[in-house]
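Student: I'd like to ask some things about the structure below.
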There are 2 protein chains.
Amino acid sequence: MRQSQLFTKTRKEAPKDEEAKNAKLLIQAGYIHKEMAGVYDMLPLGLRVLKKIENIIREEMDNIGGQEIELSSLQDKNLWEKTDRWNDQNVDIWFKTKLKNDTELGLGFTHEEPLTHLLKDHINSYKDLPKYIYQFQTKFRNETRAKSGIMRGREFLMKDLYSFSKTDEEHSDFYKKARDAYLKIFQRVGLGDVTFMTFASGGSFSQFSHEFQTITDAGEDTIYLSREKKIAVNKEVYNDDVLNQLGLDKSSLEEVTAVEVGNIFNLGTKFSDALELKFKNESGDLQSVIMGSYGIGLGRLMGTVVEVMSDEKGIVWPKNIAPFDIHILVLNQDDEDVSKYAFDLYEKLQKEGKEVLIDDRDKGAGEKFADSDLIGIPTRIVISRKAVDSSLFEIVDRQSQKVTQVNESDILAELMR
Amino acid sequence: MRQSQLFTKTRKEAPKDEEAKNAKLLIQAGYIHKEMAGVYDMLPLGLRVLKKIENIIREEMDNIGGQEIELSSLQDKNLWEKTDRWNDQNVDIWFKTKLKNDTELGLGFTHEEPLTHLLKDHINSYKDLPKYIYQFQTKFRNETRAKSGIMRGREFLMKDLYSFSKTDEEHSDFYKKARDAYLKIFQRVGLGDVTFMTFASGGSFSQFSHEFQTITDAGEDTIYLSREKKIAVNKEVYNDDVLNQLGLDKSSLEEVTAVEVGNIFNLGTKFSDALELKFKNESGDLQSVIMGSYGIGLGRLMGTVVEVMSDEKGIVWPKNIAPFDIHILVLNQDDEDVSKYAFDLYEKLQKEGKEVLIDDRDKGAGEKFADSDLIGIPTRIVISRKAVDSSLFEIVDRQSQKVTQVNESDILAELMR
C-alpha cells in the first residue's frame, strides 16, 4: 500500500487522555481511534493486525476440529434467567436494552446460554458427540473502570470456543488438545517466550481452570512462575497444598505481574443441566452433555503484544501479525530515478507475495524514519539518491535494530528471507 | 467437509413460526438459527455463504480504492446530538443502553457521525482528499416489525462505505464508480439478471439517490421498470416530470415488487457541516468535505438470493456464494469399496481447490437426496455400488436439474468445469 494514500496519519505526541501504553502507541501510530473509554475503532493498520491474529486463531481452532459460527449480540432474557445470570446482582457487567414493546434484551458478554440452547436442535444421541464450536464475535461488557486501552474493552472481539462431550475422558482429551493449540497460538503471535500456562481457580466441576498469562507490568494479575517447568500458579490458588499437588518448590517460584491472554475452563454440566441439553447414551438413557469453554480476547492479545514488544521509539510487531512485512522508505521522492527504483522494488516484492507499505509521502527523511519506527513494521529498506548511486542499500530489522548492508543484486533475496 | 461431522441437522419440516420463505428454508437446512424475531445466528453453512458474499464485496470495494476499518457499535450521545439524530422522535430505530454511571449510549444503526468525527484527526488539506472508507459491521435497528427473516433484521451485518471528496466533480466520479461496482457485486452473487439500478428520492444535496432493487414478491417496494434500459424508478418519485427527465416512456414501464439490496446516496455537506469536517483548499480557505454513503446489507442480500433462486425442493445457491462447490452423496456407505471410492474423489477434488461436502452419514438414499436438494450446493455426484460397478456416474446440476452421465475417467474433468 502507498502510505500517501492511507487515510490515517501519525501524531507527533501520544494522546494525553490515555494511561495505557498500548492505547497511547496505537493511537499515535494511527492503528486505532478512541470512541470513548474502553471503546475503540480499528483503523486500516489496526484491522490488518487484528485479522492476522484472527486467522492464526482460526487455523488452530480448525486444526482441533472446531466448526465456526456467529451468534447474535442481542440476547433473550428468558434464556439467561434459566441459568440465573440475567440478574444484575449476579452478573454486574450487562449492557441491557429494550425492544419497542419494552421487552428487555441484553448484549452478550459471553455465549454459553444461547449456544447450549441452540444445540438442543442438533444433538440427540451419543452419535452426535463430541462437537467443538467457535466464533469470533463482539462481546459487550459494562466495565466500571476502562483504563487499560484495548486490553480491557467495553466492546471487543473475542474468540470463544465451546466443547460438547459425552464423557469426562472425551472432555479431558479435547481440553488437552485445546491447551496445546493455545500454546501454539501464543507462540505464533510472538508471545511464546513470555506466556505461561497458569493454574487458576476452577469451579464446581474441576479444581483448576487454566489461564495463559503473559508477563507484563501492564497486567492486573499476580502469578507464581516456575520458568524451569514453564507453568505458573495464580495468586488466587497459591498455597502449600496446591504447590505440593503440582510438585512445585516454593523457593524456585518467581512472583510476577501478568495479564491473562486466554483461559480454558471445564464447565461440567452446569449449562447443559440448566438448559436441558441431553443426549441418549448407548444404553438409551438420557445424560447431560459435558461442556468446556475456551476464550481469547483478540484486542487484549493485540494490546499485550504492544505492551511487551514496544521500545522507546514505538511499536515492534512480531512478523506473523505485523500489518505489513516490509516498509520501503523513499527519500528524495521527487527524484524520478529514485522513485522509479523504489516502486519497481515495491511491485517485485508484492509479486513475490510480500505485503509492503511504501512511504511515498511528501515528507522529510527524519519524519519518515520516526514514523517507521513508530509504526513498527519488521523490516525496513531505505531507497535514497545516495543508495541508488552507490548500489548499496541498508536493510534494518525493527526489533534488533540490526543493519544489513546489501548490494543491489542481493536486495530481493535479502528481503525475501 | 464430512457431513457426518457437521453439527447442524436438517429438519423434516420448515419452522412454523416463520412467515418468510428465506428464514423457513435457511432454518430447515441448518444455515441459521432464530434467536428471536429479527435476530438470527449464523451456523457453519450460513457463515460460509456470508463470508463469500463479504469477500466479493470486499474485492469490489478495494478495486475502487476503499480502505477497510471497523467502527464500534457503542455510540456517544454527544456526537449524535450535533446532527440531531439522537432524539427518538427523529430516529425511531435506536437501541439505547447505559454505562454504570448512567451515561446514555446508543448501538450504531449507521456510522456517518463517528466516521466523520474520526476523520477530523486525519483530514486537513486538499492533499488528504479524496478518501473512501468502508467496513463490515454489525448494525442494530429497533424495528417494530421483523417478519422478513434475514431480509430485515434487528441485528445484521452491513457493508457501509463513505466517500470524502473535495469537489462535486470528484464526488460524482466516485459515485459512478461505486454504482458500477455495485452492479458487479450483484452480478457476482447471482442476482445480476433481476437487479436494477433504481432512481429514488434524494435529499438536500441531490434530486435522486440510487437504489439497487431485486425483483421478488418478498420485497416491500414498488418500482417501475424499463427492462430495455435496465433502470427503474421507485414509486416514491414516480411522476411525469421524473419520467421525462429520465427519458422514460410510461407505456414501456412494468410495475413490479422488489427489495432494495443496496443504495448509494449523496450526503453533500450535511454531516461535514454539522461535525465540522473541513479541509484547506489550494487557496488556503476552509471548505466542508463532500460526502457520500454506499450501503449493502449482507443478510438481506443472502435472504434475497434464497427468495429468488429457491425451488420447491429447497435452496439453489449461485456458484460464487454456495457454501460448497460440490456435494458428494455416498450411498451404500457401509460398502468399503464405495466409501473408499467416494473419499478418494473427495480428496482429489479438494487438492484441486474445490470445496466439497461429502454426505457420509448413516442415512438412506432418499434422505440424502432430499437433504442435498434442500441444502442446494450447485453440483452433485452420487457414488453408489451400482455406479462404481458400471463405471458410469451421474452429475446433477442443482439449478437446471440437468443430469450428465460421465464415465469414470471423465469425472474429475467434469466436476472441475
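Each chain in the C-alpha cells gets a letter, A, B, ..., in the order shown, and its residues are numbered from 1; ligands are numbered from 1 in order too.
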Near chain B, which residues of chain A fall within 6 Å when you count only C-alpha atoms, and what do they look like as JSON, numbers by chain?

Tutor: {"A": [8, 9, 41, 42, 43, 44, 68, 69, 70, 71, 72, 96, 97, 122]}

Student: Can you check which residues of range 36-67 of chain A DSSP gives as strand (DSSP E) on the backbone and send them as a list in words?

Tutor: Met36, Val39, Tyr40, Asp41, Met42 and Gln67 of chain A

Student: Rank nothing, just name the residue among A:Trp317, A:Phe212, A:Tyr341, A:Phe109 nearest to Lys52 in chain A, using only C-alpha atoms.

Tutor: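 Of A:Trp317, A:Phe212, A:Tyr341, A:Phe109, the one nearest Lys52 in chain A, counting only C-alpha atoms, is A:Trp317.
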
Student: Env of Glu276 in chain A: 10 Å cut, atoms = only C-alpha atoms, seq-sep filter 2 positions within chain, self excluded. Answer as a list in words.

Tutor: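 Answer for this query is Thr116, His117, Lys120, Thr269, Lys270, Phe271, Ser272, Asp273, Ala274, Lys278, Phe279, Gln287, Ser288 and Val289 of chain A.
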
Student: Which residues are near His210 in chain B? Cut-off 7 Å, only C-alpha atoms, ignore same chain within fewer than 2 positions. Put them as a list in words.

Tutor: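 Skipping anything fewer than 2 positions along the chain leaves Met197, Thr198, Phe199, Ala200, Phe208, Phe212, Asn263, Ile264 and Phe265 of chain B.
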
Student: Extract, using only C-alpha atoms, all DNA, RNA and protein residues at most 10 Å from Ile231 in chain B, discarding same-chain residues fewer than 4 positions from it, and format them as a PyMOL selection string.

Tutor: chain B and resi 195-199+212-213+223-227+246+248+253

Student: Using only C-alpha atoms, which protein or nucleic acid residues come within 9 Å of Ala37 in chain A? Drop anything in the same chain fewer than 4 positions from it, and give the result as a VMD selection string.

Tutor: chain A and resid 18 145 to 147 149 153 to 154

Student: Counting only C-alpha atoms, which of B:Gly262, B:Gly108, B:Gly366, B:Gly292 gets nearest to Asp173 in chain B?

Tutor: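 Of B:Gly262, B:Gly108, B:Gly366, B:Gly292, the one nearest Asp173 in chain B, counting only C-alpha atoms, is B:Gly292.
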
Student: Taking only C-alpha atoms into account, name the residue in B:Arg85, B:Lys354, B:Lys139, B:Lys159 that is nearest to Ile53 in chain B.

Tutor: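 The closest residue to Ile53 in chain B is B:Lys159.
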